[in-house]
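Enquirer: My structure is stored as protein-v4.cif, with mmCIF, N, CA and C atoms and all ligand atoms.
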```
data_query
loop_
_atom_site.label_atom_id
_atom_site.label_comp_id
_atom_site.auth_asym_id
_atom_site.auth_seq_id
_atom_site.Cartn_x
_atom_site.Cartn_y
_atom_site.Cartn_z
N MET O 13 -11.98 11.31 18.19
CA MET O 13 -12.31 10.52 16.99
C MET O 13 -13.73 10.85 16.54
N ALA O 14 -13.87 10.88 15.25
CA ALA O 14 -15.19 11.18 14.69
C ALA O 14 -15.47 10.25 13.53
N MET O 15 -16.74 9.90 13.36
CA MET O 15 -17.11 9.11 12.19
C MET O 15 -16.98 10.00 10.97
N GLU O 16 -16.23 9.56 9.98
CA GLU O 16 -15.96 10.36 8.79
C GLU O 16 -16.17 9.55 7.53
N GLN O 17 -16.38 10.29 6.44
CA GLN O 17 -16.34 9.69 5.11
C GLN O 17 -15.22 10.36 4.33
N THR O 18 -14.58 9.59 3.44
CA THR O 18 -13.51 10.13 2.61
C THR O 18 -13.61 9.54 1.22
N LEU O 19 -13.05 10.24 0.24
CA LEU O 19 -13.03 9.70 -1.12
C LEU O 19 -11.71 8.98 -1.37
N SER O 20 -11.82 7.76 -1.87
CA SER O 20 -10.65 7.00 -2.31
C SER O 20 -10.77 6.75 -3.80
N LEU O 21 -9.66 6.89 -4.52
CA LEU O 21 -9.61 6.50 -5.93
C LEU O 21 -8.49 5.48 -6.10
N ILE O 22 -8.77 4.41 -6.85
CA ILE O 22 -7.70 3.57 -7.37
C ILE O 22 -7.39 4.13 -8.76
N LYS O 23 -6.19 4.66 -8.91
CA LYS O 23 -5.81 5.39 -10.11
C LYS O 23 -5.63 4.44 -11.31
N PRO O 24 -5.50 4.98 -12.53
CA PRO O 24 -5.40 4.11 -13.71
C PRO O 24 -4.29 3.06 -13.62
N ASP O 25 -3.18 3.39 -12.98
CA ASP O 25 -2.09 2.39 -12.87
C ASP O 25 -2.50 1.24 -11.95
N GLY O 26 -3.22 1.55 -10.88
CA GLY O 26 -3.67 0.51 -9.96
C GLY O 26 -4.67 -0.44 -10.61
N VAL O 27 -5.59 0.14 -11.39
CA VAL O 27 -6.57 -0.70 -12.10
C VAL O 27 -5.85 -1.54 -13.16
N ALA O 28 -4.97 -0.90 -13.95
CA ALA O 28 -4.29 -1.61 -15.05
C ALA O 28 -3.39 -2.73 -14.52
N ARG O 29 -2.83 -2.54 -13.34
CA ARG O 29 -1.92 -3.54 -12.78
C ARG O 29 -2.63 -4.61 -11.95
N GLY O 30 -3.96 -4.59 -11.96
CA GLY O 30 -4.70 -5.66 -11.28
C GLY O 30 -4.68 -5.56 -9.77
N LEU O 31 -4.67 -4.32 -9.27
CA LEU O 31 -4.55 -4.13 -7.81
C LEU O 31 -5.86 -3.70 -7.14
N ILE O 32 -6.98 -3.79 -7.86
CA ILE O 32 -8.25 -3.36 -7.26
C ILE O 32 -8.55 -4.19 -6.00
N GLY O 33 -8.50 -5.50 -6.14
CA GLY O 33 -8.83 -6.37 -5.00
C GLY O 33 -7.87 -6.19 -3.84
N GLU O 34 -6.60 -6.06 -4.16
CA GLU O 34 -5.57 -5.86 -3.13
C GLU O 34 -5.84 -4.59 -2.33
N VAL O 35 -6.14 -3.50 -3.03
CA VAL O 35 -6.36 -2.21 -2.34
C VAL O 35 -7.65 -2.26 -1.52
N ILE O 36 -8.71 -2.77 -2.12
CA ILE O 36 -9.99 -2.83 -1.40
C ILE O 36 -9.85 -3.75 -0.19
N GLY O 37 -9.11 -4.85 -0.33
CA GLY O 37 -8.91 -5.77 0.79
C GLY O 37 -8.23 -5.09 1.96
N ARG O 38 -7.27 -4.22 1.65
CA ARG O 38 -6.60 -3.49 2.74
C ARG O 38 -7.57 -2.57 3.47
N PHE O 39 -8.44 -1.89 2.72
CA PHE O 39 -9.42 -1.00 3.37
C PHE O 39 -10.35 -1.82 4.26
N GLU O 40 -10.85 -2.93 3.72
CA GLU O 40 -11.80 -3.74 4.50
C GLU O 40 -11.14 -4.34 5.73
N ARG O 41 -9.92 -4.83 5.58
CA ARG O 41 -9.24 -5.43 6.75
C ARG O 41 -8.95 -4.38 7.81
N ALA O 42 -8.79 -3.11 7.37
CA ALA O 42 -8.56 -2.02 8.33
C ALA O 42 -9.86 -1.54 8.97
N GLY O 43 -10.98 -2.11 8.56
CA GLY O 43 -12.26 -1.74 9.17
C GLY O 43 -12.94 -0.54 8.53
N LEU O 44 -12.41 -0.07 7.41
CA LEU O 44 -13.09 1.01 6.69
C LEU O 44 -14.21 0.40 5.85
N LYS O 45 -15.40 0.98 5.96
CA LYS O 45 -16.57 0.46 5.24
C LYS O 45 -16.69 1.13 3.88
N ILE O 46 -16.96 0.34 2.84
CA ILE O 46 -17.17 0.89 1.51
C ILE O 46 -18.65 1.24 1.38
N LYS O 47 -18.91 2.57 1.30
CA LYS O 47 -20.30 3.04 1.29
C LYS O 47 -20.82 3.30 -0.11
N ALA O 48 -19.92 3.39 -1.09
CA ALA O 48 -20.31 3.56 -2.49
C ALA O 48 -19.10 3.23 -3.32
N MET O 49 -19.34 2.74 -4.55
CA MET O 49 -18.19 2.38 -5.39
C MET O 49 -18.60 2.33 -6.86
N LYS O 50 -17.72 2.82 -7.74
CA LYS O 50 -17.94 2.66 -9.18
C LYS O 50 -16.64 2.80 -9.95
N MET O 51 -16.65 2.22 -11.17
CA MET O 51 -15.52 2.39 -12.08
C MET O 51 -15.92 3.38 -13.16
N VAL O 52 -15.07 4.37 -13.38
CA VAL O 52 -15.33 5.40 -14.40
C VAL O 52 -14.01 5.78 -15.07
N GLN O 53 -14.10 6.38 -16.24
CA GLN O 53 -12.90 6.99 -16.84
C GLN O 53 -13.14 8.47 -16.99
N LEU O 54 -12.29 9.28 -16.37
CA LEU O 54 -12.41 10.73 -16.43
C LEU O 54 -11.95 11.23 -17.80
N SER O 55 -12.59 12.28 -18.28
CA SER O 55 -12.05 13.01 -19.42
C SER O 55 -10.89 13.87 -18.90
N LYS O 56 -10.09 14.37 -19.82
CA LYS O 56 -9.01 15.29 -19.42
C LYS O 56 -9.59 16.49 -18.66
N THR O 57 -10.68 17.03 -19.18
CA THR O 57 -11.32 18.21 -18.54
C THR O 57 -11.80 17.89 -17.13
N GLN O 58 -12.38 16.71 -16.95
CA GLN O 58 -12.84 16.31 -15.61
C GLN O 58 -11.66 16.12 -14.67
N ALA O 59 -10.57 15.53 -15.17
CA ALA O 59 -9.38 15.36 -14.33
C ALA O 59 -8.80 16.72 -13.95
N GLN O 60 -8.83 17.67 -14.87
CA GLN O 60 -8.34 19.02 -14.56
C GLN O 60 -9.20 19.67 -13.47
N LYS O 61 -10.51 19.43 -13.54
CA LYS O 61 -11.41 20.00 -12.53
C LYS O 61 -11.15 19.34 -11.17
N PHE O 62 -11.01 18.02 -11.16
CA PHE O 62 -10.79 17.31 -9.90
C PHE O 62 -9.50 17.77 -9.22
N TYR O 63 -8.46 18.01 -10.02
CA TYR O 63 -7.16 18.40 -9.47
C TYR O 63 -6.89 19.89 -9.62
N ALA O 64 -7.95 20.71 -9.69
CA ALA O 64 -7.79 22.15 -9.91
C ALA O 64 -6.88 22.80 -8.87
N VAL O 65 -6.85 22.27 -7.65
CA VAL O 65 -5.99 22.81 -6.59
C VAL O 65 -4.52 22.79 -6.99
N HIS O 66 -4.17 21.90 -7.93
CA HIS O 66 -2.77 21.77 -8.36
C HIS O 66 -2.50 22.46 -9.70
N GLU O 67 -3.41 23.34 -10.15
CA GLU O 67 -3.30 23.83 -11.53
C GLU O 67 -2.02 24.62 -11.81
N ASN O 68 -1.39 25.15 -10.77
CA ASN O 68 -0.15 25.90 -11.01
C ASN O 68 1.12 25.07 -10.80
N ARG O 69 0.94 23.81 -10.49
CA ARG O 69 2.11 22.95 -10.26
C ARG O 69 2.66 22.45 -11.60
N PRO O 70 3.97 22.21 -11.66
CA PRO O 70 4.58 21.78 -12.93
C PRO O 70 4.05 20.44 -13.43
N PHE O 71 3.53 19.61 -12.51
CA PHE O 71 3.08 18.27 -12.91
C PHE O 71 1.59 18.21 -13.27
N TYR O 72 0.92 19.37 -13.27
CA TYR O 72 -0.55 19.38 -13.47
C TYR O 72 -0.96 18.77 -14.80
N ASP O 73 -0.29 19.15 -15.88
CA ASP O 73 -0.70 18.63 -17.19
C ASP O 73 -0.46 17.12 -17.29
N SER O 74 0.71 16.70 -16.86
CA SER O 74 1.04 15.28 -16.89
C SER O 74 0.09 14.48 -15.98
N LEU O 75 -0.16 15.00 -14.78
CA LEU O 75 -1.03 14.32 -13.82
C LEU O 75 -2.44 14.13 -14.38
N THR O 76 -2.99 15.17 -14.99
CA THR O 76 -4.36 15.09 -15.49
C THR O 76 -4.44 14.22 -16.75
N THR O 77 -3.36 14.17 -17.53
CA THR O 77 -3.32 13.23 -18.66
C THR O 77 -3.29 11.79 -18.13
N PHE O 78 -2.44 11.56 -17.14
CA PHE O 78 -2.38 10.22 -16.51
C PHE O 78 -3.72 9.84 -15.91
N MET O 79 -4.35 10.74 -15.15
CA MET O 79 -5.59 10.41 -14.45
C MET O 79 -6.76 10.15 -15.40
N SER O 80 -6.64 10.63 -16.65
CA SER O 80 -7.71 10.40 -17.63
C SER O 80 -7.30 9.31 -18.63
N SER O 81 -6.22 8.59 -18.36
CA SER O 81 -5.67 7.64 -19.34
C SER O 81 -6.35 6.28 -19.32
N GLY O 82 -7.17 6.01 -18.32
CA GLY O 82 -7.82 4.71 -18.22
C GLY O 82 -8.81 4.72 -17.09
N PRO O 83 -9.55 3.61 -16.91
CA PRO O 83 -10.56 3.57 -15.85
C PRO O 83 -9.94 3.68 -14.46
N ILE O 84 -10.70 4.26 -13.57
CA ILE O 84 -10.35 4.35 -12.15
C ILE O 84 -11.52 3.80 -11.33
N VAL O 85 -11.24 3.42 -10.10
CA VAL O 85 -12.30 2.99 -9.18
C VAL O 85 -12.45 4.06 -8.12
N ALA O 86 -13.66 4.58 -7.98
CA ALA O 86 -13.96 5.61 -6.97
C ALA O 86 -14.79 4.99 -5.86
N MET O 87 -14.42 5.31 -4.62
CA MET O 87 -15.11 4.75 -3.46
C MET O 87 -15.33 5.80 -2.38
N ILE O 88 -16.43 5.69 -1.67
CA ILE O 88 -16.59 6.41 -0.40
C ILE O 88 -16.25 5.43 0.71
N LEU O 89 -15.24 5.78 1.51
CA LEU O 89 -14.88 4.97 2.68
C LEU O 89 -15.41 5.65 3.93
N GLU O 90 -15.92 4.85 4.86
CA GLU O 90 -16.46 5.42 6.10
C GLU O 90 -15.90 4.69 7.31
N GLY O 91 -15.63 5.46 8.35
CA GLY O 91 -15.17 4.88 9.61
C GLY O 91 -14.70 5.96 10.55
N GLU O 92 -14.34 5.56 11.77
CA GLU O 92 -13.75 6.50 12.72
C GLU O 92 -12.43 7.02 12.13
N ASP O 93 -12.28 8.33 12.08
CA ASP O 93 -11.04 8.94 11.55
C ASP O 93 -10.67 8.44 10.16
N ALA O 94 -11.68 8.21 9.34
CA ALA O 94 -11.46 7.57 8.03
C ALA O 94 -10.50 8.37 7.14
N ILE O 95 -10.52 9.69 7.25
CA ILE O 95 -9.70 10.52 6.36
C ILE O 95 -8.22 10.25 6.63
N LEU O 96 -7.83 10.36 7.89
CA LEU O 96 -6.42 10.14 8.26
C LEU O 96 -6.03 8.67 8.14
N ARG O 97 -6.94 7.78 8.51
CA ARG O 97 -6.60 6.35 8.44
C ARG O 97 -6.39 5.91 7.00
N ASN O 98 -7.20 6.45 6.07
CA ASN O 98 -6.97 6.14 4.66
C ASN O 98 -5.62 6.67 4.21
N ARG O 99 -5.29 7.91 4.63
CA ARG O 99 -3.98 8.47 4.26
C ARG O 99 -2.84 7.62 4.82
N ASP O 100 -3.03 7.09 6.03
CA ASP O 100 -2.01 6.21 6.62
C ASP O 100 -1.86 4.92 5.82
N LEU O 101 -2.97 4.36 5.37
CA LEU O 101 -2.90 3.12 4.58
C LEU O 101 -2.23 3.38 3.23
N MET O 102 -2.45 4.60 2.67
CA MET O 102 -1.87 4.95 1.36
C MET O 102 -0.36 5.12 1.43
N GLY O 103 0.10 5.82 2.45
CA GLY O 103 1.52 6.18 2.54
C GLY O 103 1.81 7.50 1.87
N ASP O 104 3.04 7.96 2.02
CA ASP O 104 3.45 9.26 1.49
C ASP O 104 3.25 9.33 -0.03
N THR O 105 2.98 10.55 -0.51
CA THR O 105 2.83 10.80 -1.95
C THR O 105 4.00 10.19 -2.73
N ASN O 106 5.22 10.40 -2.22
CA ASN O 106 6.43 9.86 -2.83
C ASN O 106 6.67 8.45 -2.26
N TYR O 107 6.50 7.43 -3.10
CA TYR O 107 6.61 6.04 -2.63
C TYR O 107 7.95 5.76 -1.95
N GLN O 108 8.99 6.55 -2.32
CA GLN O 108 10.31 6.32 -1.72
C GLN O 108 10.35 6.78 -0.26
N LYS O 109 9.40 7.64 0.12
CA LYS O 109 9.32 8.10 1.50
C LYS O 109 8.20 7.39 2.27
N ALA O 110 7.43 6.59 1.58
CA ALA O 110 6.25 5.96 2.22
C ALA O 110 6.70 4.87 3.18
N ALA O 111 5.99 4.77 4.31
CA ALA O 111 6.33 3.77 5.33
C ALA O 111 6.12 2.36 4.78
N PRO O 112 6.97 1.43 5.20
CA PRO O 112 6.81 0.04 4.77
C PRO O 112 5.40 -0.48 5.09
N GLY O 113 4.85 -1.26 4.19
CA GLY O 113 3.53 -1.83 4.43
C GLY O 113 2.39 -0.96 3.96
N THR O 114 2.70 0.27 3.52
CA THR O 114 1.64 1.11 2.96
C THR O 114 1.44 0.75 1.48
N ILE O 115 0.29 1.15 0.95
CA ILE O 115 -0.05 0.80 -0.44
C ILE O 115 1.02 1.35 -1.40
N ARG O 116 1.40 2.61 -1.20
CA ARG O 116 2.36 3.21 -2.12
C ARG O 116 3.76 2.60 -1.97
N ALA O 117 4.18 2.32 -0.74
CA ALA O 117 5.48 1.69 -0.55
C ALA O 117 5.50 0.31 -1.20
N ASP O 118 4.41 -0.41 -1.07
CA ASP O 118 4.38 -1.78 -1.57
C ASP O 118 4.24 -1.86 -3.09
N PHE O 119 3.55 -0.89 -3.71
CA PHE O 119 3.21 -1.06 -5.13
C PHE O 119 3.67 0.07 -6.05
N ALA O 120 3.78 1.31 -5.57
CA ALA O 120 4.12 2.41 -6.48
C ALA O 120 5.60 2.41 -6.80
N ARG O 121 5.95 2.74 -8.03
CA ARG O 121 7.35 2.88 -8.43
C ARG O 121 7.56 4.19 -9.16
N ASP O 122 6.61 5.12 -8.98
CA ASP O 122 6.63 6.39 -9.69
C ASP O 122 5.89 7.40 -8.82
N ILE O 123 6.41 8.64 -8.75
CA ILE O 123 5.77 9.63 -7.85
C ILE O 123 4.41 10.05 -8.38
N GLU O 124 4.21 10.00 -9.70
CA GLU O 124 2.91 10.39 -10.27
C GLU O 124 1.94 9.20 -10.28
N ALA O 125 2.38 8.08 -10.84
CA ALA O 125 1.54 6.88 -10.88
C ALA O 125 1.72 6.16 -9.54
N ASN O 126 0.93 6.59 -8.55
CA ASN O 126 1.13 6.09 -7.19
C ASN O 126 -0.11 5.40 -6.63
N ILE O 127 -0.86 4.74 -7.52
CA ILE O 127 -1.89 3.74 -7.21
C ILE O 127 -3.20 4.30 -6.65
N VAL O 128 -3.10 5.20 -5.67
CA VAL O 128 -4.32 5.63 -4.98
C VAL O 128 -4.35 7.15 -4.75
N HIS O 129 -5.56 7.65 -4.64
CA HIS O 129 -5.82 9.01 -4.18
C HIS O 129 -6.66 8.92 -2.91
N GLY O 130 -6.47 9.85 -1.98
CA GLY O 130 -7.33 9.94 -0.81
C GLY O 130 -7.50 11.39 -0.40
N SER O 131 -8.70 11.76 -0.02
CA SER O 131 -8.96 13.13 0.42
C SER O 131 -8.04 13.48 1.58
N ASP O 132 -7.64 14.76 1.65
CA ASP O 132 -6.65 15.16 2.67
C ASP O 132 -7.25 15.94 3.84
N GLY O 133 -8.58 16.11 3.87
CA GLY O 133 -9.20 16.81 4.99
C GLY O 133 -10.72 16.76 4.85
N ALA O 134 -11.40 17.28 5.87
CA ALA O 134 -12.86 17.17 5.89
C ALA O 134 -13.51 17.94 4.73
N ASP O 135 -13.00 19.12 4.44
CA ASP O 135 -13.59 19.93 3.36
C ASP O 135 -13.37 19.27 2.00
N THR O 136 -12.13 18.82 1.75
CA THR O 136 -11.87 18.18 0.46
C THR O 136 -12.65 16.88 0.35
N ALA O 137 -12.81 16.15 1.45
CA ALA O 137 -13.59 14.90 1.41
C ALA O 137 -15.01 15.19 0.92
N ARG O 138 -15.63 16.22 1.49
CA ARG O 138 -17.00 16.58 1.08
C ARG O 138 -17.05 16.94 -0.40
N THR O 139 -16.13 17.80 -0.84
CA THR O 139 -16.11 18.25 -2.23
C THR O 139 -15.85 17.09 -3.19
N GLU O 140 -14.88 16.26 -2.82
CA GLU O 140 -14.49 15.16 -3.72
C GLU O 140 -15.55 14.07 -3.78
N ILE O 141 -16.22 13.79 -2.65
CA ILE O 141 -17.33 12.83 -2.68
C ILE O 141 -18.42 13.34 -3.59
N ALA O 142 -18.74 14.63 -3.49
CA ALA O 142 -19.81 15.22 -4.32
C ALA O 142 -19.41 15.24 -5.80
N PHE O 143 -18.12 15.30 -6.08
CA PHE O 143 -17.65 15.28 -7.47
C PHE O 143 -17.98 13.93 -8.12
N PHE O 144 -17.89 12.85 -7.37
CA PHE O 144 -18.05 11.51 -7.94
C PHE O 144 -19.41 10.87 -7.70
N PHE O 145 -20.10 11.24 -6.62
CA PHE O 145 -21.31 10.50 -6.25
C PHE O 145 -22.48 11.44 -6.00
N ASN O 146 -23.64 11.07 -6.54
CA ASN O 146 -24.86 11.82 -6.23
C ASN O 146 -25.62 11.12 -5.10
N GLU O 147 -26.68 11.73 -4.64
CA GLU O 147 -27.41 11.22 -3.47
C GLU O 147 -27.89 9.78 -3.67
N LEU O 148 -28.32 9.45 -4.89
CA LEU O 148 -28.88 8.11 -5.15
C LEU O 148 -27.82 7.02 -5.04
N GLU O 149 -26.55 7.38 -5.14
CA GLU O 149 -25.48 6.39 -5.17
C GLU O 149 -24.86 6.15 -3.80
N LYS O 150 -25.36 6.85 -2.77
CA LYS O 150 -24.77 6.72 -1.43
C LYS O 150 -25.65 5.86 -0.55
N TYR O 151 -25.05 5.02 0.25
CA TYR O 151 -25.80 4.12 1.13
C TYR O 151 -25.47 4.36 2.58
P1 LIG G 201 -1.49 13.08 -2.53
O1 LIG G 201 -2.07 12.26 -3.67
O2 LIG G 201 -0.61 12.25 -1.65
O3 LIG G 201 -2.53 13.86 -1.77
P2 LIG G 201 -0.72 15.64 -3.76
O4 LIG G 201 0.40 16.49 -3.30
O5 LIG G 201 -2.11 16.09 -3.48
O6 LIG G 201 -0.47 14.15 -3.18
O7 LIG G 201 -0.52 15.45 -5.33
C1 LIG G 201 -1.56 14.88 -6.10
C2 LIG G 201 -0.97 13.87 -7.04
O8 LIG G 201 -0.11 14.55 -7.96
C3 LIG G 201 -0.06 12.82 -6.41
O9 LIG G 201 -0.76 11.73 -5.84
C4 LIG G 201 0.77 12.38 -7.59
O10 LIG G 201 0.01 11.53 -8.45
C5 LIG G 201 0.98 13.71 -8.31
N1 LIG G 201 2.22 14.36 -7.87
C6 LIG G 201 2.46 15.00 -6.69
N2 LIG G 201 3.71 15.50 -6.63
C7 LIG G 201 4.28 15.18 -7.83
C8 LIG G 201 5.58 15.41 -8.38
O11 LIG G 201 6.46 16.03 -7.77
N3 LIG G 201 5.79 14.93 -9.64
C9 LIG G 201 4.83 14.25 -10.35
N4 LIG G 201 3.60 14.01 -9.86
C10 LIG G 201 3.33 14.47 -8.62
MG MG G 202 -3.72 15.44 -2.38
#
```
Spit out the file's structure as structure tokens when you get a sec.
Expert:
Amino acid sequence: MAMEQTLSLIKPDGVARGLIGEVIGRFERAGLKIKAMKMVQLSKTQAQKFYAVHENRPFYDSLTTFMSSGPIVAMILEGEDAILRNRDLMGDTNYQKAAPGTIRADFARDIEANIVHGSDGADTARTEIAFFFNELEKY
């Protein structure tokens, strides 16, 4: 186990559906510490940059339109094994395959609008944290 930081996003559907407190409560109850947080709305271009790894996927255009459609909440979560533990709290990308009690199983009803994003490894966590937060915003 290692102390890690990871990037979490509450996507536009999660914010619009009033799930900010619910999602943050789950992180806090799981012992993940919120080290930075802000609400922002991405432009289409910024969403394309954030999801550049998916640029050849058929859902890239729709995904980046969705991700820029409204405000999102960006957070740095910190804790032992934070990257994997956040992914466990989120559940599978496809809510129909997500384990019961996970955020996506409980709230998502669409494979694209699936409430949350979480970094999938140490390298992406570093890159994604730097995409959203500068040094002055980290505690
Ligand atoms: P993840 O968010 O669980 O890491 P990724 O495979 O990295 O999943 O995909 C990024 C995001 O793209 C997903 O969270 C979801 O919003 C969207 N997405 C993934 N697969 C599909 C799909 O097959 N159709 C539509 N949207 C998808
Ligand atoms: Mg991913």
Enquirer: Quick one: 6 Å padding each side, axis-aligned, all listed atoms of ligand LIG 201 (chain G) - centre and edge lengths in Å to one decimal, as lines of an AutoDock Vina configuration file?
Expert:
```
center_x = 2.0
center_y = 14.0
center_z = -6.0
size_x = 21.0
size_y = 17.0
size_z = 20.7
```
Enquirer: Please return, as a ChimeraX atom specification, all polymer residues that have at least one atom within 7 Å of the point (0.4, 0.7, 2.4); use only N, CA and C atoms and the file's own coordinate frame.
Expert: /O:100-103,111-118
Enquirer: Produce a file of the selected residues containing N, CA and C atoms, as a compact mmCIF listing (two decimals), keeping the file's coordinate frame.
Expert:
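The result, written out as out32.txt:
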```
# COMPACT_ATOMS: atom_id res chain seq x y z
N ASP O 100 -3.03 7.09 6.03
CA ASP O 100 -2.01 6.21 6.62
C ASP O 100 -1.86 4.92 5.82
N LEU O 101 -2.97 4.36 5.37
CA LEU O 101 -2.90 3.12 4.58
C LEU O 101 -2.23 3.38 3.23
N MET O 102 -2.45 4.60 2.67
CA MET O 102 -1.87 4.95 1.36
C MET O 102 -0.36 5.12 1.43
N GLY O 103 0.10 5.82 2.45
CA GLY O 103 1.52 6.18 2.54
C GLY O 103 1.81 7.50 1.87
N ALA O 111 5.99 4.77 4.31
CA ALA O 111 6.33 3.77 5.33
C ALA O 111 6.12 2.36 4.78
N PRO O 112 6.97 1.43 5.20
CA PRO O 112 6.81 0.04 4.77
C PRO O 112 5.40 -0.48 5.09
N GLY O 113 4.85 -1.26 4.19
CA GLY O 113 3.53 -1.83 4.43
C GLY O 113 2.39 -0.96 3.96
N THR O 114 2.70 0.27 3.52
CA THR O 114 1.64 1.11 2.96
C THR O 114 1.44 0.75 1.48
N ILE O 115 0.29 1.15 0.95
CA ILE O 115 -0.05 0.80 -0.44
C ILE O 115 1.02 1.35 -1.40
N ARG O 116 1.40 2.61 -1.20
CA ARG O 116 2.36 3.21 -2.12
C ARG O 116 3.76 2.60 -1.97
N ALA O 117 4.18 2.32 -0.74
CA ALA O 117 5.48 1.69 -0.55
C ALA O 117 5.50 0.31 -1.20
N ASP O 118 4.41 -0.41 -1.07
CA ASP O 118 4.38 -1.78 -1.57
C ASP O 118 4.24 -1.86 -3.09
```
Enquirer: Residues contacting ligand MG 202 (chain G) - anything with an atom at most 12 Å away, using only C-alpha atoms and all ligand atoms - can you give me those as a CSV table (one decimal) with N, CA and C atoms, in the frame of the given file?
Expert:
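Listing of out23.csv after writing:
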```
chain,number,residue,atom,x,y,z
O,19,LEU,N,-13.0,10.2,0.2
O,19,LEU,CA,-13.0,9.7,-1.1
O,19,LEU,C,-11.7,9.0,-1.4
O,20,SER,N,-11.8,7.8,-1.9
O,20,SER,CA,-10.6,7.0,-2.3
O,20,SER,C,-10.8,6.8,-3.8
O,21,LEU,N,-9.7,6.9,-4.5
O,21,LEU,CA,-9.6,6.5,-5.9
O,21,LEU,C,-8.5,5.5,-6.1
O,62,PHE,N,-11.0,18.0,-11.2
O,62,PHE,CA,-10.8,17.3,-9.9
O,62,PHE,C,-9.5,17.8,-9.2
O,63,TYR,N,-8.5,18.0,-10.0
O,63,TYR,CA,-7.2,18.4,-9.5
O,63,TYR,C,-6.9,19.9,-9.6
O,64,ALA,N,-8.0,20.7,-9.7
O,64,ALA,CA,-7.8,22.2,-9.9
O,64,ALA,C,-6.9,22.8,-8.9
O,65,VAL,N,-6.8,22.3,-7.6
O,65,VAL,CA,-6.0,22.8,-6.6
O,65,VAL,C,-4.5,22.8,-7.0
O,66,HIS,N,-4.2,21.9,-7.9
O,66,HIS,CA,-2.8,21.8,-8.4
O,66,HIS,C,-2.5,22.5,-9.7
O,75,LEU,N,-0.2,15.0,-14.8
O,75,LEU,CA,-1.0,14.3,-13.8
O,75,LEU,C,-2.4,14.1,-14.4
O,95,ILE,N,-10.5,9.7,7.2
O,95,ILE,CA,-9.7,10.5,6.4
O,95,ILE,C,-8.2,10.2,6.6
O,99,ARG,N,-5.3,7.9,4.6
O,99,ARG,CA,-4.0,8.5,4.3
O,99,ARG,C,-2.8,7.6,4.8
O,102,MET,N,-2.4,4.6,2.7
O,102,MET,CA,-1.9,5.0,1.4
O,102,MET,C,-0.4,5.1,1.4
O,103,GLY,N,0.1,5.8,2.4
O,103,GLY,CA,1.5,6.2,2.5
O,103,GLY,C,1.8,7.5,1.9
O,104,ASP,N,3.0,8.0,2.0
O,104,ASP,CA,3.4,9.3,1.5
O,104,ASP,C,3.2,9.3,0.0
O,105,THR,N,3.0,10.6,-0.5
O,105,THR,CA,2.8,10.8,-2.0
O,105,THR,C,4.0,10.2,-2.7
O,106,ASN,N,5.2,10.4,-2.2
O,106,ASN,CA,6.4,9.9,-2.8
O,106,ASN,C,6.7,8.4,-2.3
O,124,GLU,N,4.2,10.0,-9.7
O,124,GLU,CA,2.9,10.4,-10.3
O,124,GLU,C,1.9,9.2,-10.3
O,126,ASN,N,0.9,6.6,-8.6
O,126,ASN,CA,1.1,6.1,-7.2
O,126,ASN,C,-0.1,5.4,-6.6
O,128,VAL,N,-3.1,5.2,-5.7
O,128,VAL,CA,-4.3,5.6,-5.0
O,128,VAL,C,-4.4,7.2,-4.8
O,129,HIS,N,-5.6,7.6,-4.6
O,129,HIS,CA,-5.8,9.0,-4.2
O,129,HIS,C,-6.7,8.9,-2.9
O,130,GLY,N,-6.5,9.8,-2.0
O,130,GLY,CA,-7.3,9.9,-0.8
O,130,GLY,C,-7.5,11.4,-0.4
O,131,SER,N,-8.7,11.8,0.0
O,131,SER,CA,-9.0,13.1,0.4
O,131,SER,C,-8.0,13.5,1.6
O,132,ASP,N,-7.6,14.8,1.6
O,132,ASP,CA,-6.6,15.2,2.7
O,132,ASP,C,-7.2,15.9,3.8
O,133,GLY,N,-8.6,16.1,3.9
O,133,GLY,CA,-9.2,16.8,5.0
O,133,GLY,C,-10.7,16.8,4.8
O,136,THR,N,-12.1,18.8,1.8
O,136,THR,CA,-11.9,18.2,0.5
O,136,THR,C,-12.6,16.9,0.4
O,137,ALA,N,-12.8,16.2,1.4
O,137,ALA,CA,-13.6,14.9,1.4
O,137,ALA,C,-15.0,15.2,0.9
O,140,GLU,N,-14.9,16.3,-2.8
O,140,GLU,CA,-14.5,15.2,-3.7
O,140,GLU,C,-15.6,14.1,-3.8
```
Enquirer: Calculated over only N, CA and C atoms and all ligand atoms, which of the candidates O:Thr76, O:Gly82, O:Leu89, O:Glu147 has the smallest distance to ligand LIG 201 (chain G)?
Expert: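 Selected residue with least distance to ligand LIG 201 (chain G): O:Thr76.
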Enquirer: Measure the distance from CA of Ile88 in chain O to CA of Leu148 in chain O in Å and round it to one decimal.
Expert: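 Going from CA of Ile88 in chain O over to CA of Leu148 in chain O covers 13.3 Å.
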Enquirer: Let me make sure I understand: among O:Glu67, O:Glu16, O:Asp25, O:Asp122, which one has the smallest atom-to-atom distance to Ile84 in chain O if we use only C-alpha atoms?
Expert: O:Asp25
Enquirer: Mind checking DSSP for chain O and telling me the strand (DSSP E) residues as an MDAnalysis selection string?
Expert: chainID O and resid 15:22 45:52 84:92 128:130
Enquirer: Which residues are close to range 36-47 of chain O, i.e. within 6.5 Å by all atoms listed in the file, leaving aside same-chain residues fewer than 6 positions away? Reply as a ChimeraX atom specification.
Expert: /O:87-91,149-151
Enquirer: Please measure the separation of atom N of Met13 in chain O and atom N of Asp93 in chain O, giving the value in Å to one decimal.
Expert: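 Computed distance, atom N of Met13 in chain O to atom N of Asp93 in chain O, equals 6.8 Å.
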Enquirer: Expressed in Å to a single decimal, how great is the separation between CA of Asn146 in chain O and CA of Lys61 in chain O?
Expert: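 CA of Lys61 in chain O lies 17.0 Å from CA of Asn146 in chain O.
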Enquirer: Give me, as a PyMOL selection string, the residues of chain O that a backbone DSSP run labels helix (DSSP H, G or I).
Expert: chain O and resi 24-28+32-41+56-62+64-66+72-79+94-102+115-119+134-144+147-149
Enquirer: In terms of the shortest atom-to-atom distance over only C-alpha atoms, which of O:Phe78, O:Leu31, O:Ala134, O:Phe143 is closest to Ala120 in chain O?
Expert: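 Of O:Phe78, O:Leu31, O:Ala134, O:Phe143, the one nearest Ala120 in chain O, counting only C-alpha atoms, is O:Leu31.
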